[in-house]
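Engineer: my_file-v9.cif is reproduced in full below (mmCIF, C-alpha atoms).
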data_protein
#
loop_
_atom_site.group_PDB
_atom_site.id
_atom_site.type_symbol
_atom_site.label_atom_id
_atom_site.label_comp_id
_atom_site.auth_asym_id
_atom_site.auth_seq_id
_atom_site.Cartn_x
_atom_site.Cartn_y
_atom_site.Cartn_z
ATOM 1 C CA MET A 64 81.675 115.273 69.630
ATOM 2 C CA ARG A 65 80.581 115.375 65.999
ATOM 3 C CA THR A 66 79.891 112.015 64.333
ATOM 4 C CA GLY A 67 82.564 110.804 61.919
ATOM 5 C CA LYS A 68 86.359 110.917 61.840
ATOM 6 C CA LEU A 69 88.085 112.843 64.592
ATOM 7 C CA PRO A 70 88.969 116.378 63.494
ATOM 8 C CA GLU A 71 92.573 116.842 62.383
ATOM 9 C CA ASN A 72 93.414 119.207 65.252
ATOM 10 C CA VAL A 73 92.113 116.655 67.798
ATOM 11 C CA LEU A 74 94.133 113.901 66.118
ATOM 12 C CA LYS A 75 97.311 115.936 66.273
ATOM 13 C CA ARG A 76 97.111 117.165 69.866
ATOM 14 C CA SER A 77 95.251 114.335 71.658
ATOM 15 C CA VAL A 78 96.265 111.268 69.656
ATOM 16 C CA PHE A 79 99.578 111.680 67.815
ATOM 17 C CA ARG A 80 101.247 113.743 70.563
ATOM 18 C CA GLN A 81 100.804 110.875 73.049
ATOM 19 C CA MET A 82 102.907 108.546 70.890
ATOM 20 C CA HIS A 83 106.644 108.764 71.569
ATOM 21 C CA VAL A 84 108.222 105.485 70.404
ATOM 22 C CA LYS A 85 109.832 105.590 66.934
ATOM 23 C CA ARG A 86 111.464 102.395 65.635
ATOM 24 C CA ASP A 87 114.154 102.185 62.951
ATOM 25 C CA ASP A 88 112.443 99.209 61.298
ATOM 26 C CA VAL A 89 109.182 101.133 60.781
ATOM 27 C CA LEU A 90 109.186 102.627 57.281
ATOM 28 C CA LEU A 91 105.700 104.173 57.292
ATOM 29 C CA ALA A 92 103.508 104.983 60.283
ATOM 30 C CA ASN A 93 100.792 107.191 61.746
ATOM 31 C CA GLY A 94 100.054 110.642 60.366
ATOM 32 C CA VAL A 95 97.316 112.682 58.739
ATOM 33 C CA GLY A 96 96.395 111.040 55.437
ATOM 34 C CA ILE A 97 98.529 107.935 56.085
ATOM 35 C CA ASP A 98 96.264 104.900 55.943
ATOM 36 C CA CYS A 99 98.735 102.033 56.258
ATOM 37 C CA ALA A 100 101.975 101.121 57.987
ATOM 38 C CA ALA A 101 105.150 99.450 56.733
ATOM 39 C CA LEU A 102 107.659 97.380 58.692
ATOM 40 C CA ARG A 103 111.068 96.257 57.437
ATOM 41 C CA LEU A 104 111.704 92.509 57.670
ATOM 42 C CA GLU A 105 115.103 90.837 57.552
ATOM 43 C CA PRO A 106 115.786 87.768 55.367
ATOM 44 C CA GLU A 107 114.385 84.552 56.872
ATOM 45 C CA GLU A 108 112.101 86.614 59.115
ATOM 46 C CA ALA A 109 108.296 86.481 59.257
ATOM 47 C CA ALA A 110 105.659 88.978 60.332
ATOM 48 C CA VAL A 111 103.171 87.755 62.963
ATOM 49 C CA LEU A 112 99.865 89.541 63.588
ATOM 50 C CA SER A 113 97.122 89.303 66.194
ATOM 51 C CA SER A 114 93.989 91.347 66.887
ATOM 52 C CA ASP A 115 91.746 91.891 69.927
ATOM 53 C CA PRO A 116 89.022 94.374 70.959
ATOM 54 C CA VAL A 117 88.714 96.035 74.374
ATOM 55 C CA ILE A 118 85.602 97.791 75.658
ATOM 56 C CA TRP A 119 87.087 100.728 77.558
ATOM 57 C CA GLU A 120 86.058 101.104 81.193
ATOM 58 C CA ASP A 121 89.081 102.519 83.047
ATOM 59 C CA ASP A 122 92.797 103.245 82.713
ATOM 60 C CA CYS A 123 93.869 99.628 83.315
ATOM 61 C CA ASP A 124 92.291 98.860 79.944
ATOM 62 C CA GLY A 125 95.311 100.507 78.313
ATOM 63 C CA LYS A 126 97.505 97.667 79.559
ATOM 64 C CA ARG A 127 94.863 95.096 78.691
ATOM 65 C CA ALA A 128 94.602 96.437 75.141
ATOM 66 C CA VAL A 129 98.363 96.233 74.628
ATOM 67 C CA PHE A 130 99.127 92.940 76.335
ATOM 68 C CA SER A 131 96.156 91.031 74.933
ATOM 69 C CA VAL A 132 97.771 91.116 71.487
ATOM 70 C CA CYS A 133 101.427 91.197 72.572
ATOM 71 C CA ASN A 134 100.930 88.016 74.590
ATOM 72 C CA ASP A 135 99.411 86.322 71.541
ATOM 73 C CA LEU A 136 102.444 87.294 69.460
ATOM 74 C CA ALA A 137 104.814 86.072 72.169
ATOM 75 C CA CYS A 138 103.127 82.656 72.129
ATOM 76 C CA ALA A 139 104.251 82.310 68.509
ATOM 77 C CA GLY A 140 107.825 83.153 69.500
ATOM 78 C CA ALA A 141 107.549 86.655 68.014
ATOM 79 C CA ARG A 142 108.801 89.931 69.426
ATOM 80 C CA PRO A 143 106.090 92.604 69.214
ATOM 81 C CA ALA A 144 107.107 95.646 67.169
ATOM 82 C CA GLY A 145 104.028 97.838 66.881
ATOM 83 C CA LEU A 146 100.277 98.250 67.133
ATOM 84 C CA LEU A 147 97.438 99.443 64.937
ATOM 85 C CA LEU A 148 94.501 100.964 66.846
ATOM 86 C CA THR A 149 90.897 101.357 65.748
ATOM 87 C CA ALA A 150 88.836 103.458 68.169
ATOM 88 C CA LEU A 151 85.044 103.574 67.873
ATOM 89 C CA LEU A 152 83.824 106.307 70.216
ATOM 90 C CA PRO A 153 80.324 107.298 71.422
ATOM 91 C CA GLY A 154 78.898 110.715 70.626
ATOM 92 C CA ASN A 155 79.253 111.933 74.218
ATOM 93 C CA VAL A 156 83.035 111.410 74.264
ATOM 94 C CA GLU A 157 85.148 114.410 75.193
ATOM 95 C CA GLU A 158 88.592 115.227 73.864
ATOM 96 C CA GLN A 159 90.148 114.839 77.327
ATOM 97 C CA GLN A 160 88.858 111.237 77.462
ATOM 98 C CA ILE A 161 90.435 110.514 74.071
ATOM 99 C CA ARG A 162 93.754 111.940 75.236
ATOM 100 C CA VAL A 163 93.654 109.833 78.425
ATOM 101 C CA MET A 164 92.862 106.607 76.512
ATOM 102 C CA VAL A 165 95.606 107.102 73.934
ATOM 103 C CA LYS A 166 98.125 108.049 76.630
ATOM 104 C CA ALA A 167 97.261 104.930 78.664
ATOM 105 C CA ILE A 168 97.935 102.752 75.611
ATOM 106 C CA ALA A 169 101.082 104.667 74.663
ATOM 107 C CA ASP A 170 102.404 104.421 78.240
ATOM 108 C CA ALA A 171 101.954 100.626 78.137
ATOM 109 C CA CYS A 172 103.788 100.489 74.786
ATOM 110 C CA GLU A 173 106.791 102.586 75.769
ATOM 111 C CA PRO A 174 108.622 100.141 78.109
ATOM 112 C CA LEU A 175 108.252 97.457 75.428
ATOM 113 C CA GLY A 176 109.622 99.647 72.636
ATOM 114 C CA LEU A 177 106.360 99.313 70.714
ATOM 115 C CA GLN A 178 105.462 101.924 68.142
ATOM 116 C CA ILE A 179 101.823 102.812 67.476
ATOM 117 C CA LEU A 180 101.843 102.447 63.707
ATOM 118 C CA GLY A 181 98.468 103.963 62.897
ATOM 119 C CA GLY A 182 94.826 102.979 62.747
ATOM 120 C CA HIS A 183 91.482 104.766 62.683
ATOM 121 C CA THR A 184 89.459 106.931 65.089
ATOM 122 C CA GLU A 185 85.758 107.590 64.658
ATOM 123 C CA VAL A 186 82.786 108.915 66.625
ATOM 124 C CA THR A 187 79.715 106.796 65.907
ATOM 125 C CA SER A 188 76.218 106.170 67.245
ATOM 126 C CA ALA A 189 76.878 102.417 66.879
ATOM 127 C CA VAL A 190 78.547 102.276 70.320
ATOM 128 C CA ASN A 191 77.638 103.664 73.748
ATOM 129 C CA ARG A 192 81.091 103.038 75.243
ATOM 130 C CA PRO A 193 84.559 103.352 73.658
ATOM 131 C CA VAL A 194 85.615 100.206 71.793
ATOM 132 C CA ILE A 195 89.327 99.908 71.022
ATOM 133 C CA SER A 196 90.407 97.246 68.540
ATOM 134 C CA VAL A 197 94.142 96.554 68.662
ATOM 135 C CA THR A 198 96.154 94.743 66.002
ATOM 136 C CA GLY A 199 99.629 93.756 67.081
ATOM 137 C CA VAL A 200 102.485 93.267 64.616
ATOM 138 C CA GLY A 201 105.571 91.292 65.544
ATOM 139 C CA LYS A 202 108.600 89.687 63.943
ATOM 140 C CA VAL A 203 110.134 86.260 64.363
ATOM 141 C CA ARG A 204 112.954 84.326 62.737
ATOM 142 C CA MET A 205 111.507 81.519 60.651
ATOM 143 C CA ASP A 206 113.450 78.899 62.606
ATOM 144 C CA ARG A 207 112.158 80.277 65.943
ATOM 145 C CA MET A 208 108.441 80.330 65.140
ATOM 146 C CA ILE A 209 106.336 78.302 67.587
ATOM 147 C CA SER A 210 103.005 76.756 66.644
ATOM 148 C CA PRO A 211 100.186 76.643 69.218
ATOM 149 C CA GLY A 212 99.574 73.140 67.868
ATOM 150 C CA GLY A 213 103.055 71.875 68.686
ATOM 151 C CA ALA A 214 102.347 69.910 71.891
ATOM 152 C CA LYS A 215 103.383 66.250 71.674
ATOM 153 C CA PRO A 216 102.357 63.162 73.675
ATOM 154 C CA GLY A 217 104.613 62.891 76.704
ATOM 155 C CA ASP A 218 105.167 66.651 77.005
ATOM 156 C CA ASP A 219 104.895 68.236 80.429
ATOM 157 C CA ILE A 220 102.141 70.878 80.666
ATOM 158 C CA LEU A 221 103.149 73.969 82.637
ATOM 159 C CA VAL A 222 101.252 76.975 83.980
ATOM 160 C CA THR A 223 103.201 80.183 84.620
ATOM 161 C CA LYS A 224 102.494 82.586 87.499
ATOM 162 C CA TRP A 225 98.853 82.181 88.653
ATOM 163 C CA ILE A 226 95.558 81.754 86.845
ATOM 164 C CA ALA A 227 92.682 84.289 86.888
ATOM 165 C CA LEU A 228 94.998 87.251 87.522
ATOM 166 C CA GLU A 229 93.214 89.448 84.996
ATOM 167 C CA GLY A 230 89.744 88.561 86.210
ATOM 168 C CA THR A 231 90.814 89.181 89.808
ATOM 169 C CA PHE A 232 92.169 92.690 89.274
ATOM 170 C CA ARG A 233 89.279 93.710 87.027
ATOM 171 C CA ILE A 234 86.751 92.696 89.681
ATOM 172 C CA ALA A 235 88.786 94.217 92.520
ATOM 173 C CA LYS A 236 89.081 97.575 90.737
ATOM 174 C CA ARG A 237 85.367 97.808 89.964
ATOM 175 C CA LYS A 238 83.872 96.189 93.077
ATOM 176 C CA GLU A 239 86.159 97.530 95.810
ATOM 177 C CA GLU A 240 83.379 98.870 98.029
ATOM 178 C CA GLU A 241 81.361 95.640 97.835
ATOM 179 C CA LEU A 242 84.412 93.537 98.631
ATOM 180 C CA ALA A 243 85.411 95.810 101.533
ATOM 181 C CA VAL A 244 82.320 94.616 103.416
ATOM 182 C CA ARG A 245 84.067 91.270 103.961
ATOM 183 C CA TYR A 246 87.772 91.727 103.197
ATOM 184 C CA PRO A 247 90.490 94.141 104.430
ATOM 185 C CA ARG A 248 91.405 96.993 102.102
ATOM 186 C CA HIS A 249 95.031 95.874 101.843
ATOM 187 C CA MET A 250 93.940 92.526 100.343
ATOM 188 C CA ILE A 251 91.690 94.240 97.801
ATOM 189 C CA ARG A 252 94.401 96.728 96.836
ATOM 190 C CA GLU A 253 96.916 93.933 96.363
ATOM 191 C CA ALA A 254 94.433 92.275 93.991
ATOM 192 C CA GLU A 255 93.954 95.584 92.149
ATOM 193 C CA GLU A 256 97.673 95.605 91.393
ATOM 194 C CA PHE A 257 97.696 92.225 89.662
ATOM 195 C CA ASP A 258 97.766 94.133 86.357
ATOM 196 C CA ARG A 259 101.547 94.316 86.900
ATOM 197 C CA TYR A 260 101.657 90.642 85.914
ATOM 198 C CA LEU A 261 99.802 91.067 82.595
ATOM 199 C CA SER A 262 102.780 90.646 80.271
ATOM 200 C CA VAL A 263 103.950 87.137 79.387
ATOM 201 C CA LEU A 264 106.754 88.368 77.123
ATOM 202 C CA PRO A 265 109.634 87.517 79.514
ATOM 203 C CA GLU A 266 108.533 83.910 80.090
ATOM 204 C CA ALA A 267 107.683 83.415 76.417
ATOM 205 C CA GLU A 268 111.150 84.535 75.352
ATOM 206 C CA LEU A 269 112.853 82.239 77.869
ATOM 207 C CA ALA A 270 110.660 79.303 76.885
ATOM 208 C CA ALA A 271 111.334 79.862 73.186
ATOM 209 C CA GLU A 272 115.079 79.826 73.852
ATOM 210 C CA ALA A 273 114.630 76.553 75.794
ATOM 211 C CA GLY A 274 112.898 74.874 72.846
ATOM 212 C CA VAL A 275 109.335 74.785 74.176
ATOM 213 C CA HIS A 276 106.973 72.855 71.867
ATOM 214 C CA ALA A 277 103.839 75.020 72.304
ATOM 215 C CA MET A 278 102.621 78.081 74.212
ATOM 216 C CA HIS A 279 99.131 79.462 74.750
ATOM 217 C CA ASP A 280 98.125 82.523 76.766
ATOM 218 C CA ILE A 281 95.228 81.882 79.139
ATOM 219 C CA SER A 282 92.639 84.485 78.227
ATOM 220 C CA GLU A 283 88.843 84.362 77.792
ATOM 221 C CA GLY A 284 87.427 81.113 79.177
ATOM 222 C CA GLY A 285 90.179 80.615 81.734
ATOM 223 C CA VAL A 286 92.647 77.775 82.136
ATOM 224 C CA LEU A 287 90.084 75.044 81.352
ATOM 225 C CA GLY A 288 89.241 76.713 78.037
ATOM 226 C CA ALA A 289 92.923 77.204 77.241
ATOM 227 C CA LEU A 290 93.720 73.550 78.008
ATOM 228 C CA TRP A 291 90.997 72.433 75.631
ATOM 229 C CA GLU A 292 92.259 74.757 72.873
ATOM 230 C CA LEU A 293 95.879 73.642 73.288
ATOM 231 C CA ALA A 294 94.881 69.974 73.127
ATOM 232 C CA GLU A 295 92.486 70.479 70.203
ATOM 233 C CA CYS A 296 95.039 72.441 68.203
ATOM 234 C CA SER A 297 97.800 69.896 68.880
ATOM 235 C CA GLY A 298 95.660 66.765 68.479
ATOM 236 C CA VAL A 299 96.691 65.347 71.858
ATOM 237 C CA GLY A 300 95.012 64.151 75.016
ATOM 238 C CA LEU A 301 95.618 65.595 78.462
ATOM 239 C CA GLU A 302 95.874 64.421 82.048
ATOM 240 C CA ILE A 303 95.792 67.463 84.339
ATOM 241 C CA GLU A 304 95.806 67.625 88.156
ATOM 242 C CA LEU A 305 93.440 70.429 89.146
ATOM 243 C CA LYS A 306 95.002 70.988 92.581
ATOM 244 C CA LYS A 307 98.390 71.715 91.018
ATOM 245 C CA ILE A 308 97.051 74.680 89.018
ATOM 246 C CA PRO A 309 98.396 77.775 90.840
ATOM 247 C CA LEU A 310 95.995 80.325 92.374
ATOM 248 C CA ARG A 311 96.550 83.451 94.446
ATOM 249 C CA GLN A 312 94.633 83.592 97.729
ATOM 250 C CA GLU A 313 93.147 86.944 96.693
ATOM 251 C CA THR A 314 91.618 85.204 93.684
ATOM 252 C CA VAL A 315 90.191 82.426 95.871
ATOM 253 C CA GLU A 316 88.550 84.971 98.210
ATOM 254 C CA ILE A 317 87.085 87.178 95.477
ATOM 255 C CA CYS A 318 85.731 84.210 93.521
ATOM 256 C CA ASP A 319 84.199 82.833 96.723
ATOM 257 C CA PHE A 320 82.506 86.196 97.381
ATOM 258 C CA TYR A 321 80.772 86.176 93.981
ATOM 259 C CA GLY A 322 80.393 82.413 93.541
ATOM 260 C CA LEU A 323 82.733 82.286 90.532
ATOM 261 C CA ASN A 324 84.879 79.441 89.204
ATOM 262 C CA PRO A 325 88.492 80.727 88.912
ATOM 263 C CA TYR A 326 89.372 77.923 86.492
ATOM 264 C CA GLN A 327 86.979 79.445 83.947
ATOM 265 C CA MET A 328 87.990 83.088 84.481
ATOM 266 C CA VAL A 329 89.990 85.285 82.117
ATOM 267 C CA SER A 330 93.660 84.798 83.035
ATOM 268 C CA GLY A 331 95.744 87.302 81.092
ATOM 269 C CA GLY A 332 99.296 87.182 82.464
ATOM 270 C CA SER A 333 99.411 83.395 82.774
ATOM 271 C CA MET A 334 100.577 80.934 80.114
ATOM 272 C CA LEU A 335 100.230 77.297 79.240
ATOM 273 C CA MET A 336 103.393 75.666 77.930
ATOM 274 C CA ALA A 337 104.096 72.214 76.552
ATOM 275 C CA ALA A 338 107.713 71.127 76.942
ATOM 276 C CA GLU A 339 109.683 67.880 76.738
ATOM 277 C CA ASP A 340 111.656 68.768 79.882
ATOM 278 C CA GLY A 341 109.180 70.567 82.102
ATOM 279 C CA ASN A 342 111.386 70.493 85.192
ATOM 280 C CA GLY A 343 114.244 72.122 83.302
ATOM 281 C CA LEU A 344 111.944 74.855 82.027
ATOM 282 C CA VAL A 345 110.476 75.469 85.509
ATOM 283 C CA HIS A 346 114.023 75.863 86.838
ATOM 284 C CA ARG A 347 114.994 78.238 84.019
ATOM 285 C CA LEU A 348 111.936 80.397 84.628
ATOM 286 C CA ALA A 349 112.547 80.392 88.400
ATOM 287 C CA GLN A 350 116.054 81.759 87.823
ATOM 288 C CA ALA A 351 114.389 84.733 86.104
ATOM 289 C CA GLY A 352 111.952 85.191 88.989
ATOM 290 C CA ILE A 353 108.964 83.750 87.108
ATOM 291 C CA PRO A 354 107.004 81.073 89.005
ATOM 292 C CA ALA A 355 105.762 78.072 87.035
ATOM 293 C CA VAL A 356 104.519 74.577 87.872
ATOM 294 C CA ILE A 357 103.951 71.344 85.994
ATOM 295 C CA VAL A 358 100.229 70.551 86.157
ATOM 296 C CA GLY A 359 100.065 67.445 83.994
ATOM 297 C CA LYS A 360 100.987 65.664 80.787
ATOM 298 C CA ALA A 361 100.014 65.569 77.143
ATOM 299 C CA THR A 362 98.899 62.058 76.181
ATOM 300 C CA THR A 363 98.122 60.016 73.108
ATOM 301 C CA GLY A 364 94.517 59.777 71.975
ATOM 302 C CA ASN A 365 91.777 62.341 72.525
ATOM 303 C CA ASP A 366 90.870 61.891 76.210
ATOM 304 C CA ARG A 367 91.283 65.180 78.088
ATOM 305 C CA VAL A 368 91.064 64.299 81.741
ATOM 306 C CA ILE A 369 90.962 66.521 84.834
ATOM 307 C CA LEU A 370 91.959 64.834 88.117
ATOM 308 C CA ASN A 371 90.767 66.293 91.423
ATOM 309 C CA GLY A 372 91.800 63.931 94.203
ATOM 310 C CA GLU A 373 89.860 60.712 93.607
ATOM 311 C CA GLU A 374 87.521 62.434 91.129
ATOM 312 C CA ARG A 375 88.219 61.947 87.430
ATOM 313 C CA ARG A 376 86.252 63.875 84.818
ATOM 314 C CA PHE A 377 86.601 64.857 81.191
ATOM 315 C CA LEU A 378 87.438 68.374 80.121
ATOM 316 C CA GLU A 379 84.489 70.097 78.446
ATOM 317 C CA LEU A 380 84.334 72.503 75.523
ATOM 318 C CA PRO A 381 85.251 76.085 76.536
ATOM 319 C CA GLN A 382 82.482 77.779 78.508
ATOM 320 C CA THR A 383 81.425 81.437 78.819
ATOM 321 C CA ASP A 384 83.927 83.304 80.972
ATOM 322 C CA GLU A 385 82.932 83.636 84.621
ATOM 323 C CA ILE A 386 83.616 87.379 84.694
ATOM 324 C CA HIS A 387 80.522 87.989 82.567
ATOM 325 C CA LYS A 388 78.354 86.849 85.467
ATOM 326 C CA ILE A 389 79.042 90.097 87.310
#
Can you turn what I pasted into structure tokens?
Structural biologist:
Amino acid sequence: MRTGKLPENVLKRSVFRQMHVKRDDVLLANGVGIDCAALRLEPEEAAVLSSDPVIWEDDCDGKRAVFSVCNDLACAGARPAGLLLTALLPGNVEEQQIRVMVKAIADACEPLGLQILGGHTEVTSAVNRPVISVTGVGKVRMDRMISPGGAKPGDDILVTKWIALEGTFRIAKRKEEELAVRYPRHMIREAEEFDRYLSVLPEAELAAEAGVHAMHDISEGGVLGALWELAECSGVGLEIELKKIPLRQETVEICDFYGLNPYQMVSGGSMLMAAEDGNGLVHRLAQAGIPAVIVGKATTGNDRVILNGEERRFLELPQTDEIHKI
């Protein structure tokens, strides 16, 4: 495709036609010649924004692109309203590929009532694979906003669902034949479907209603990186029991196959929470069908300690995500 902006006819038929959600609170949105978006806010309401890039490899990246920013917004107590997309595309891209990418993102937005507000599409020699940058826009009442630095000494630290879900399904989808040498197909296919857990919006909303002090989605760097960031942002110490951190058996097997550490693997779909009454929050989440466990406590001081049986070690600065090894 020709270098530069996508032609208007391609924009209309392969980009705009894939977008079906229209919200009443959106005053200005995508269209030819429209370079910004406008969202109506109510009194005592704040806009919350987050941005993340995704290097496109397959259709599951549509969900990843959407939930990577929506989960960030949810951690602040906000309800996502819309997305802005910037697509940098290689010269060998075909219109059908563009249509498929936009549809995958739009399909992930539709159940959430998210409108694609606009953005930019361009073919450029600067990339050899599609790069999609997503900016999420959400709204929150001022009195319901949650700071990622809100954890307090004495708070229970919770993990929802299971860690390394995102890393597990990404590896399973792209390494199925290698894994099938050792593992049954049904196990691999179950792992491939972990993308159904990517959204943390339901647990974030419940936790916000329960008065959670802080929330942090577990993304790049895994649960150990997220624990460090939560503690650093809040100015607290930690005492975490490694064996209490929840893992799916599929994750254990796949990480064993490649010699990866699941505690340092991208974990979209899982959250850290800091709450005064952790048991009450676990019970509330369980009633909604969302598993969660208390894995430790926030403490005074700066010591961030990981306990593994008799072993006691200090949490390190976030490391490079394990998924990059393969």
Engineer: Identify which of the residues A:Val345, A:Leu221, A:Met205, A:Ile281 lies closest to Glu107 of chain A, counting all atoms listed in the file when measuring atom-to-atom distances.
Structural biologist: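 That would be A:Met205, the residue with the smallest distance to Glu107 of chain A.
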Engineer: Rank nothing, just name the residue among A:Ser210, A:Thr149, A:Gln178, A:Ser282 nearest to Arg127 of chain A, using all atoms listed in the file.
Structural biologist: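 So, comparing all the options, the nearest one is A:Ser282.
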Engineer: For Ile386 of chain A, which residue among A:Ile179, A:Met328, A:Ala349, A:Leu102 is the nearest when counting all atoms listed in the file?
Structural biologist: A:Met328
Engineer: Return as a list in words the set of residues that the PyMOL selection byres ((chain A and resi 161-170) around 8) yields on the displayed structure.
Structural biologist: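 The output of the PyMOL selection byres ((chain A and resi 161-170) around 8) on this file is Ser77, Val78, Gln81, Met82, His83, Asp122, Cys123, Asp124, Gly125, Lys126, Ala128, Val129, Val156, Glu157, Glu158, Gln159, Gln160, Ala171, Cys172, Glu173, Pro174 and Ile179 of chain A.
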Engineer: Using the chain letters and numbers from the file, which residues does the PyMOL selection byres ((chain A and resi 250) around 12) grab, as a ChimeraX atom specification?
Structural biologist: /A:231-232,235-236,239,242-243,245-249,251-257,311-317
Engineer: Kindly resolve the PyMOL selection byres ((chain A and resi 295) around 12) on the present coordinates and return the residues as an MDAnalysis selection string.
Structural biologist: chainID A and resid 211:215 288:294 296:301 361 364:367 378:381
Engineer: Please define a box with edges along x, y and z of the file around all atoms of segment 186-192 of chain A given in the file, extend it by 4 Å on each side, and return its centre and edge lengths in Å to one decimal, as AutoDock Vina command-line options.
Structural biologist:
--center_x 79.5 --center_y 105.6 --center_z 70.6 --size_x 14.6 --size_y 14.6 --size_z 17.3
Engineer: Could you tell me how far atom CA of Asp218 of chain A sits from atom CA of His276 of chain A, in Å to one decimal place?
Structural biologist: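 Going from atom CA of His276 of chain A over to atom CA of Asp218 of chain A covers 8.3 Å.
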Engineer: Taking all atoms listed in the file into account, which of A:Gly274, A:Pro309, A:Gly352, A:Gly341 comes nearest Gly217 of chain A?
Structural biologist: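 Among A:Gly274, A:Pro309, A:Gly352, A:Gly341, it is A:Gly341 that comes nearest to Gly217 of chain A.
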Engineer: Grab the atom CA of Val200 of chain A to atom CA of Leu112 of chain A distance for me, in Å with one decimal place.
Structural biologist: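 Going from atom CA of Val200 of chain A over to atom CA of Leu112 of chain A, I get 4.7 Å.
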